[in-house]
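Asks: Supplied structure: query01.pdb, PDB, C-alpha atoms, pLDDT in the B column.
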```
MODEL        1
ATOM      1  CA  MET A   1     -16.918  32.042  -5.617  1.00 70.00           C
ATOM      2  CA  ASP A   2     -14.733  35.168  -5.631  1.00 71.00           C
ATOM      3  CA  GLU A   3     -14.345  34.896  -1.857  1.00 74.00           C
ATOM      4  CA  PHE A   4     -13.321  31.245  -2.173  1.00 80.00           C
ATOM      5  CA  ILE A   5     -10.721  31.932  -4.860  1.00 82.00           C
ATOM      6  CA  ASP A   6      -9.348  34.893  -2.961  1.00 77.00           C
ATOM      7  CA  THR A   7      -9.030  32.870   0.245  1.00 79.00           C
ATOM      8  CA  VAL A   8      -7.316  29.800  -1.261  1.00 81.00           C
ATOM      9  CA  SER A   9      -4.781  32.043  -3.012  1.00 81.00           C
ATOM     10  CA  ARG A  10      -3.900  34.074   0.080  1.00 83.00           C
ATOM     11  CA  PHE A  11      -1.689  33.254   3.053  1.00 87.00           C
ATOM     12  CA  PRO A  12      -2.052  31.042   5.035  1.00 83.00           C
ATOM     13  CA  THR A  13      -4.464  28.907   2.972  1.00 88.00           C
ATOM     14  CA  VAL A  14      -2.219  29.125  -0.092  1.00 90.00           C
ATOM     15  CA  VAL A  15       0.392  27.051   1.789  1.00 90.00           C
ATOM     16  CA  PHE A  16      -2.065  24.182   2.126  1.00 90.00           C
ATOM     17  CA  THR A  17      -3.423  24.778  -1.376  1.00 92.00           C
ATOM     18  CA  ALA A  18       0.035  24.176  -2.853  1.00 93.00           C
ATOM     19  CA  ALA A  19       0.514  21.068  -0.707  1.00 92.00           C
ATOM     20  CA  LEU A  20      -2.937  19.786  -1.668  1.00 92.00           C
ATOM     21  CA  ALA A  21      -2.090  20.198  -5.351  1.00 94.00           C
ATOM     22  CA  VAL A  22       1.031  18.046  -4.838  1.00 92.00           C
ATOM     23  CA  VAL A  23      -1.050  15.409  -3.031  1.00 91.00           C
ATOM     24  CA  LEU A  24      -3.623  15.297  -5.833  1.00 93.00           C
ATOM     25  CA  VAL A  25      -0.918  14.948  -8.491  1.00 92.00           C
ATOM     26  CA  PHE A  26       0.696  12.141  -6.481  1.00 88.00           C
ATOM     27  CA  TRP A  27      -2.526  10.123  -6.253  1.00 89.00           C
ATOM     28  CA  VAL A  28      -3.194  10.638  -9.952  1.00 90.00           C
ATOM     29  CA  LEU A  29       0.255   9.148 -10.642  1.00 87.00           C
ATOM     30  CA  VAL A  30      -0.615   6.232  -8.355  1.00 82.00           C
ATOM     31  CA  LEU A  31      -3.883   5.620 -10.203  1.00 86.00           C
ATOM     32  CA  ILE A  32      -2.171   5.482 -13.586  1.00 86.00           C
ATOM     33  CA  GLY A  33       0.585   3.228 -12.244  1.00 75.00           C
ATOM     34  CA  ILE A  34       3.590   5.554 -12.483  1.00 78.00           C
ATOM     35  CA  THR A  35       4.389   5.367  -8.759  1.00 73.00           C
ATOM     36  CA  ASP A  36       3.443   3.296  -5.708  1.00 69.00           C
ATOM     37  CA  ALA A  37       1.213   4.466  -2.868  1.00 67.00           C
ATOM     38  CA  ASP A  38       3.791   3.261  -0.302  1.00 65.00           C
ATOM     39  CA  GLY A  39       6.836   4.503  -2.189  1.00 58.00           C
ATOM     40  CA  PHE A  40       7.953   6.725   0.714  1.00 58.00           C
ATOM     41  CA  GLU A  41       7.366   4.187   3.462  1.00 52.00           C
ATOM     42  CA  ALA A  42      11.088   3.636   4.076  1.00 47.00           C
ATOM     43  CA  ASP A  43      11.869   7.370   4.180  1.00 48.00           C
ATOM     44  CA  ALA A  44       9.703   8.529   7.082  1.00 58.00           C
ATOM     45  CA  ASP A  45       8.079   7.289  10.257  1.00 63.00           C
ATOM     46  CA  LEU A  46       5.184   9.330  11.634  1.00 70.00           C
ATOM     47  CA  GLY A  47       4.531   7.051  14.594  1.00 66.00           C
ATOM     48  CA  GLY A  48       6.329   9.461  16.929  1.00 70.00           C
ATOM     49  CA  ILE A  49       3.688  12.153  16.359  1.00 81.00           C
ATOM     50  CA  GLY A  50       0.724   9.801  16.527  1.00 78.00           C
ATOM     51  CA  LEU A  51       0.191   9.454  12.800  1.00 82.00           C
ATOM     52  CA  GLY A  52       1.637   5.963  12.348  1.00 77.00           C
ATOM     53  CA  GLY A  53      -0.092   2.710  11.573  1.00 78.00           C
ATOM     54  CA  VAL A  54      -0.882   3.632   7.968  1.00 81.00           C
ATOM     55  CA  PRO A  55       1.309   4.347   4.925  1.00 80.00           C
ATOM     56  CA  VAL A  56       3.075   7.697   5.188  1.00 84.00           C
ATOM     57  CA  THR A  57       1.406   8.884   1.997  1.00 84.00           C
ATOM     58  CA  VAL A  58      -2.054   8.258   3.460  1.00 87.00           C
ATOM     59  CA  ALA A  59      -1.252  10.105   6.701  1.00 88.00           C
ATOM     60  CA  VAL A  60       0.235  13.084   4.857  1.00 89.00           C
ATOM     61  CA  SER A  61      -2.694  13.223   2.434  1.00 91.00           C
ATOM     62  CA  VAL A  62      -5.230  13.289   5.272  1.00 93.00           C
ATOM     63  CA  TYR A  63      -3.183  15.884   7.159  1.00 93.00           C
ATOM     64  CA  VAL A  64      -2.884  18.199   4.153  1.00 94.00           C
ATOM     65  CA  THR A  65      -6.576  17.885   3.308  1.00 94.00           C
ATOM     66  CA  THR A  66      -7.782  18.613   6.845  1.00 94.00           C
ATOM     67  CA  GLY A  67      -5.269  21.437   7.166  1.00 93.00           C
ATOM     68  CA  TRP A  68      -6.514  22.976   3.935  1.00 92.00           C
ATOM     69  CA  LEU A  69     -10.135  22.822   5.088  1.00 92.00           C
ATOM     70  CA  ALA A  70      -9.266  24.315   8.484  1.00 92.00           C
ATOM     71  CA  SER A  71      -7.192  27.148   7.014  1.00 92.00           C
ATOM     72  CA  LEU A  72      -9.857  27.838   4.393  1.00 91.00           C
ATOM     73  CA  THR A  73     -12.497  28.185   7.099  1.00 91.00           C
ATOM     74  CA  GLY A  74     -10.250  30.397   9.210  1.00 90.00           C
ATOM     75  CA  GLY A  75      -9.228  32.482   6.201  1.00 87.00           C
ATOM     76  CA  VAL A  76     -12.845  33.194   5.287  1.00 87.00           C
ATOM     77  CA  LEU A  77     -13.653  34.220   8.861  1.00 88.00           C
ATOM     78  CA  VAL A  78     -10.619  36.509   9.050  1.00 86.00           C
ATOM     79  CA  GLY A  79     -11.498  38.071   5.709  1.00 82.00           C
ATOM     80  CA  ARG A  80     -14.958  38.923   6.956  1.00 85.00           C
ATOM     81  CA  THR A  81     -13.631  40.723  10.040  1.00 83.00           C
ATOM     82  CA  GLY A  82     -12.369  43.580   7.890  1.00 80.00           C
ATOM     83  CA  THR A  83      -9.198  43.985   9.968  1.00 82.00           C
ATOM     84  CA  THR A  84      -6.022  45.396   8.434  1.00 83.00           C
ATOM     85  CA  GLY A  85      -2.415  45.969   9.358  1.00 85.00           C
ATOM     86  CA  VAL A  86      -0.907  44.362  12.423  1.00 89.00           C
ATOM     87  CA  ALA A  87      -4.238  43.049  13.682  1.00 89.00           C
ATOM     88  CA  HIS A  88      -4.884  41.279  10.378  1.00 84.00           C
ATOM     89  CA  ALA A  89      -1.376  39.789  10.313  1.00 88.00           C
ATOM     90  CA  ALA A  90      -1.818  38.495  13.858  1.00 91.00           C
ATOM     91  CA  LEU A  91      -5.117  36.852  12.966  1.00 90.00           C
ATOM     92  CA  VAL A  92      -3.589  35.252   9.868  1.00 88.00           C
ATOM     93  CA  LEU A  93      -0.736  33.758  11.889  1.00 92.00           C
ATOM     94  CA  LEU A  94      -3.250  32.547  14.450  1.00 93.00           C
ATOM     95  CA  VAL A  95      -5.230  30.826  11.675  1.00 91.00           C
ATOM     96  CA  LEU A  96      -2.067  29.122  10.416  1.00 91.00           C
ATOM     97  CA  ALA A  97      -1.165  27.824  13.873  1.00 93.00           C
ATOM     98  CA  ALA A  98      -4.739  26.725  14.539  1.00 93.00           C
ATOM     99  CA  ALA A  99      -4.958  24.966  11.151  1.00 92.00           C
ATOM    100  CA  LEU A 100      -1.731  23.064  11.766  1.00 93.00           C
ATOM    101  CA  LEU A 101      -2.904  21.959  15.207  1.00 94.00           C
ATOM    102  CA  ALA A 102      -6.442  21.142  14.080  1.00 93.00           C
ATOM    103  CA  ALA A 103      -5.138  19.123  11.127  1.00 92.00           C
ATOM    104  CA  TRP A 104      -2.951  17.071  13.460  1.00 92.00           C
ATOM    105  CA  GLY A 105      -5.853  16.337  15.811  1.00 92.00           C
ATOM    106  CA  LEU A 106      -8.313  15.539  13.033  1.00 92.00           C
ATOM    107  CA  THR A 107      -5.784  13.355  11.226  1.00 92.00           C
ATOM    108  CA  ARG A 108      -5.127  11.308  14.369  1.00 91.00           C
ATOM    109  CA  LEU A 109      -8.878  10.852  14.755  1.00 91.00           C
ATOM    110  CA  LEU A 110      -9.500   9.912  11.120  1.00 90.00           C
ATOM    111  CA  LEU A 111      -6.586   7.466  10.974  1.00 89.00           C
ATOM    112  CA  ARG A 112      -7.897   5.305  13.816  1.00 86.00           C
ATOM    113  CA  PRO A 113     -10.398   3.318  11.712  1.00 86.00           C
ATOM    114  CA  LEU A 114      -7.932   3.181   8.811  1.00 82.00           C
ATOM    115  CA  ARG A 115      -5.228   1.399  10.826  1.00 79.00           C
ATOM    116  CA  ALA A 116      -7.239  -1.828  10.716  1.00 75.00           C
ATOM    117  CA  LEU A 117      -6.753  -1.825   6.938  1.00 75.00           C
ATOM    118  CA  PHE A 118      -2.951  -1.726   7.275  1.00 71.00           C
ATOM    119  CA  PRO A 119      -1.823  -4.509   9.665  1.00 62.00           C
ATOM    120  CA  ASP A 120       1.745  -4.422  10.960  1.00 56.00           C
ATOM    121  CA  GLU A 121       2.466  -7.932   9.752  1.00 49.00           C
ATOM    122  CA  PRO A 122       3.358  -8.116   6.048  1.00 53.00           C
ATOM    123  CA  GLY A 123       0.946  -9.979   3.831  1.00 53.00           C
ATOM    124  CA  PRO A 124       1.689 -13.387   2.401  1.00 58.00           C
ATOM    125  CA  SER A 125       4.333 -13.528  -0.312  1.00 70.00           C
ATOM    126  CA  ARG A 126       4.744 -15.980  -3.139  1.00 78.00           C
ATOM    127  CA  LEU A 127       8.247 -16.607  -1.847  1.00 81.00           C
ATOM    128  CA  ASP A 128       6.640 -18.153   1.232  1.00 84.00           C
ATOM    129  CA  PHE A 129       5.634 -21.115  -0.941  1.00 90.00           C
ATOM    130  CA  VAL A 130       9.221 -22.025  -1.831  1.00 91.00           C
ATOM    131  CA  GLY A 131       9.990 -25.354  -0.179  1.00 89.00           C
ATOM    132  CA  SER A 132       6.320 -26.355  -0.039  1.00 90.00           C
ATOM    133  CA  THR A 133       4.716 -29.323  -1.696  1.00 92.00           C
ATOM    134  CA  CYS A 134       1.963 -28.865  -4.238  1.00 93.00           C
ATOM    135  CA  THR A 135      -0.570 -30.881  -6.199  1.00 93.00           C
ATOM    136  CA  ILE A 136      -0.244 -30.722  -9.976  1.00 94.00           C
ATOM    137  CA  ARG A 137      -3.514 -29.614 -11.577  1.00 94.00           C
ATOM    138  CA  THR A 138      -2.637 -29.833 -15.275  1.00 93.00           C
ATOM    139  CA  GLY A 139      -2.063 -32.863 -17.454  1.00 91.00           C
ATOM    140  CA  ARG A 140       1.576 -31.979 -17.938  1.00 91.00           C
ATOM    141  CA  VAL A 141       4.263 -29.582 -16.738  1.00 93.00           C
ATOM    142  CA  ASP A 142       7.070 -28.366 -18.962  1.00 92.00           C
ATOM    143  CA  GLY A 143       9.150 -25.258 -19.542  1.00 90.00           C
ATOM    144  CA  ARG A 144       6.191 -23.216 -20.808  1.00 90.00           C
ATOM    145  CA  PHE A 145       3.099 -24.638 -19.165  1.00 92.00           C
ATOM    146  CA  GLY A 146       1.840 -25.980 -15.856  1.00 93.00           C
ATOM    147  CA  GLN A 147      -0.295 -25.193 -12.844  1.00 95.00           C
ATOM    148  CA  ALA A 148      -0.402 -26.549  -9.323  1.00 94.00           C
ATOM    149  CA  GLU A 149      -2.383 -26.104  -6.145  1.00 94.00           C
ATOM    150  CA  VAL A 150      -0.509 -25.171  -2.987  1.00 93.00           C
ATOM    151  CA  VAL A 151      -1.779 -24.834   0.582  1.00 89.00           C
ATOM    152  CA  ALA A 152      -0.719 -21.786   2.622  1.00 82.00           C
ATOM    153  CA  GLU A 153       0.054 -21.866   6.347  1.00 77.00           C
ATOM    154  CA  ASP A 154      -3.388 -20.453   7.163  1.00 71.00           C
ATOM    155  CA  GLY A 155      -5.066 -23.332   5.340  1.00 78.00           C
ATOM    156  CA  SER A 156      -6.078 -21.368   2.249  1.00 80.00           C
ATOM    157  CA  THR A 157      -5.201 -22.710  -1.191  1.00 87.00           C
ATOM    158  CA  ALA A 158      -3.835 -21.010  -4.268  1.00 88.00           C
ATOM    159  CA  ILE A 159      -3.294 -21.988  -7.876  1.00 91.00           C
ATOM    160  CA  VAL A 160       0.225 -21.116  -9.012  1.00 93.00           C
ATOM    161  CA  GLN A 161       2.115 -21.349 -12.268  1.00 94.00           C
ATOM    162  CA  VAL A 162       4.803 -24.036 -12.290  1.00 95.00           C
ATOM    163  CA  ARG A 163       7.548 -24.958 -14.737  1.00 95.00           C
ATOM    164  CA  THR A 164      10.226 -27.628 -15.091  1.00 93.00           C
ATOM    165  CA  SER A 165      13.275 -27.637 -17.306  1.00 86.00           C
ATOM    166  CA  ASP A 166      13.084 -31.413 -17.736  1.00 84.00           C
ATOM    167  CA  PRO A 167       9.522 -32.718 -18.314  1.00 84.00           C
ATOM    168  CA  ASP A 168       8.819 -35.717 -16.098  1.00 84.00           C
ATOM    169  CA  PRO A 169       5.824 -38.090 -16.289  1.00 85.00           C
ATOM    170  CA  ALA A 170       5.711 -37.883 -12.489  1.00 84.00           C
ATOM    171  CA  LEU A 171       4.535 -34.286 -12.833  1.00 90.00           C
ATOM    172  CA  SER A 172       1.026 -35.032 -14.073  1.00 90.00           C
ATOM    173  CA  SER A 173      -2.414 -34.162 -12.769  1.00 91.00           C
ATOM    174  CA  GLY A 174      -2.935 -35.230  -9.163  1.00 91.00           C
ATOM    175  CA  ARG A 175       0.739 -35.960  -8.474  1.00 91.00           C
ATOM    176  CA  THR A 176       2.761 -34.216  -5.781  1.00 92.00           C
ATOM    177  CA  GLY A 177       5.538 -31.787  -6.617  1.00 92.00           C
ATOM    178  CA  LEU A 178       8.045 -29.698  -4.676  1.00 92.00           C
ATOM    179  CA  LEU A 179       8.295 -25.948  -5.279  1.00 93.00           C
ATOM    180  CA  TYR A 180      12.025 -25.374  -4.944  1.00 92.00           C
ATOM    181  CA  ALA A 181      12.514 -21.906  -6.482  1.00 93.00           C
ATOM    182  CA  TYR A 182      10.574 -18.884  -7.688  1.00 94.00           C
ATOM    183  CA  ASP A 183      11.207 -16.964 -10.908  1.00 92.00           C
ATOM    184  CA  VAL A 184      10.325 -13.322 -10.205  1.00 89.00           C
ATOM    185  CA  ALA A 185      10.507 -12.180 -13.819  1.00 89.00           C
ATOM    186  CA  GLY A 186       8.361 -15.023 -15.136  1.00 89.00           C
ATOM    187  CA  GLU A 187       6.132 -15.147 -12.033  1.00 90.00           C
ATOM    188  CA  PHE A 188       6.243 -18.937 -11.785  1.00 94.00           C
ATOM    189  CA  PHE A 189       7.712 -21.634  -9.545  1.00 95.00           C
ATOM    190  CA  TRP A 190      10.239 -24.265 -10.520  1.00 95.00           C
ATOM    191  CA  VAL A 191       8.841 -27.633  -9.538  1.00 94.00           C
ATOM    192  CA  ALA A 192      10.300 -31.106  -9.179  1.00 92.00           C
ATOM    193  CA  PRO A 193       8.676 -34.491  -8.452  1.00 91.00           C
ATOM    194  CA  PHE A 194       8.300 -35.059  -4.731  1.00 87.00           C
ATOM    195  CA  ASP A 195       8.968 -38.399  -3.106  1.00 73.00           C
ATOM    196  CA  ALA A 196       7.496 -38.611   0.387  1.00 63.00           C
ATOM    197  CA  ALA A 197      10.105 -41.246   1.262  1.00 57.00           C
ATOM    198  CA  LEU A 198      12.798 -38.585   0.970  1.00 51.00           C
ATOM    199  CA  ASP A 199      11.045 -36.154   3.332  1.00 50.00           C
ATOM    200  CA  PRO A 200      13.036 -36.120   6.623  1.00 44.00           C
ATOM    201  CA  ARG A 201       9.885 -35.006   8.460  1.00 45.00           C
ATOM    202  CA  ILE A 202       8.198 -38.331   7.684  1.00 42.00           C
ATOM    203  CA  ARG A 203       9.455 -41.299   9.663  1.00 43.00           C
ATOM    204  CA  PRO A 204       8.966 -44.783   8.260  1.00 44.00           C
TER     205      PRO A 204
ENDMDL
END
```
Let me see the structure of the file written as structure tokens.

Replies:
Amino acid sequence: MDEFIDTVSRFPTVVFTAALAVVLVFWVLVLIGITDADGFEADADLGGIGLGGVPVTVAVSVYVTTGWLASLTGGVLVGRTGTTGVAHAALVLLVLAAALLAAWGLTRLLLRPLRALFPDEPGPSRLDFVGSTCTIRTGRVDGRFGQAEVVAEDGSTAIVQVRTSDPDPALSSGRTGLLYAYDVAGEFFWVAPFDAALDPRIRP
């Protein structure tokens, strides 16, 4: 244990130890909801060095972790050589360079299976439903209550909250409505009765 503590607190491992502490604090903040895991996505692009395809925070976390493990291993080996002076300093710098390079290679390797979990195309958004027709699934729709079923482009269905400022008997269970706007704060859609005769896509 003494050897471990001594190694993680000495150069070059201490560089990765400090970075690893920052990474751990970041993910704790993500878990408790204070920040977002992709909060730095717009600030950096690691695709140029082969670490793209996943959120920047994931790539950096994997890089720091693998770098810490590599430098820890190298630091222990250097410590056991018993070298001092210039020879020791040269070995330490060699460990740092090797850890940086090894972390890059290992991170590229580890990120390959993770890229499938982060497709390039953005996921579906509720805003995609604006302009779509829906089927009312509640007995009434008013300014405080209402649900409807809407079909996405991929054929899947979703139950969404709907509201109307002017209750209309036409918005009852089984009837068709038009989602014409989305309220982000309230997380519901504004809906109006839909008349198929007014749809320009349907020819008489």

Asks: Evaluate the PyMOL selection byres ((chain A and resi 75) around 12) against this structure - the residues, as number ranges by chain, please.

Replies: A: 3-16, 67-74, 76-82, 88-89, 91-96, 98-99

Asks: Evaluate the PyMOL selection byres ((chain A and resi 110-112) around 9) here and jot the selected residues down as a count of residues only.

Replies: 16

Asks: May I ask for the distance between CA of Asp183 (chain A) and CA of Phe118 (chain A), given in Å to one decimal place?

Replies: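 One can read the CA of Asp183 (chain A) to CA of Phe118 (chain A) distance as 27.6 Å.
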
Asks: Give as a list in words the residues that the PyMOL selection byres ((chain A and resi 186-194) around 8) matches when applied to the coordinates above.

Replies: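 Given this file, the PyMOL selection byres ((chain A and resi 186-194) around 8) evaluates to Val130, Thr133, Val160, Gln161, Val162, Arg163, Thr164, Asp168, Ala170, Leu171, Thr176, Gly177, Leu178, Leu179, Tyr180, Ala181, Tyr182, Asp183, Val184, Ala185, Asp195 and Ala196 of chain A.
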
Asks: Please determine, counting all atoms listed in the file, which residue among A:Ser165, A:Thr65, A:Ile159, A:Arg137 has the shortest atom-to-atom distance to Ala21 (chain A).

Replies: A:Thr65

Asks: What's around Trp27 (chain A) at 10 Å? Count only C-alpha atoms, leave out sequence neighbours fewer than 3 positions away in its own chain, and write the answer as a list in words.

Replies: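 The residues satisfying every condition are Val22, Val23, Leu24, Val30, Leu31, Ile32, Gly33, Ile34, Thr35, Asp36, Ala37, Thr57, Val58 and Ser61 of chain A.
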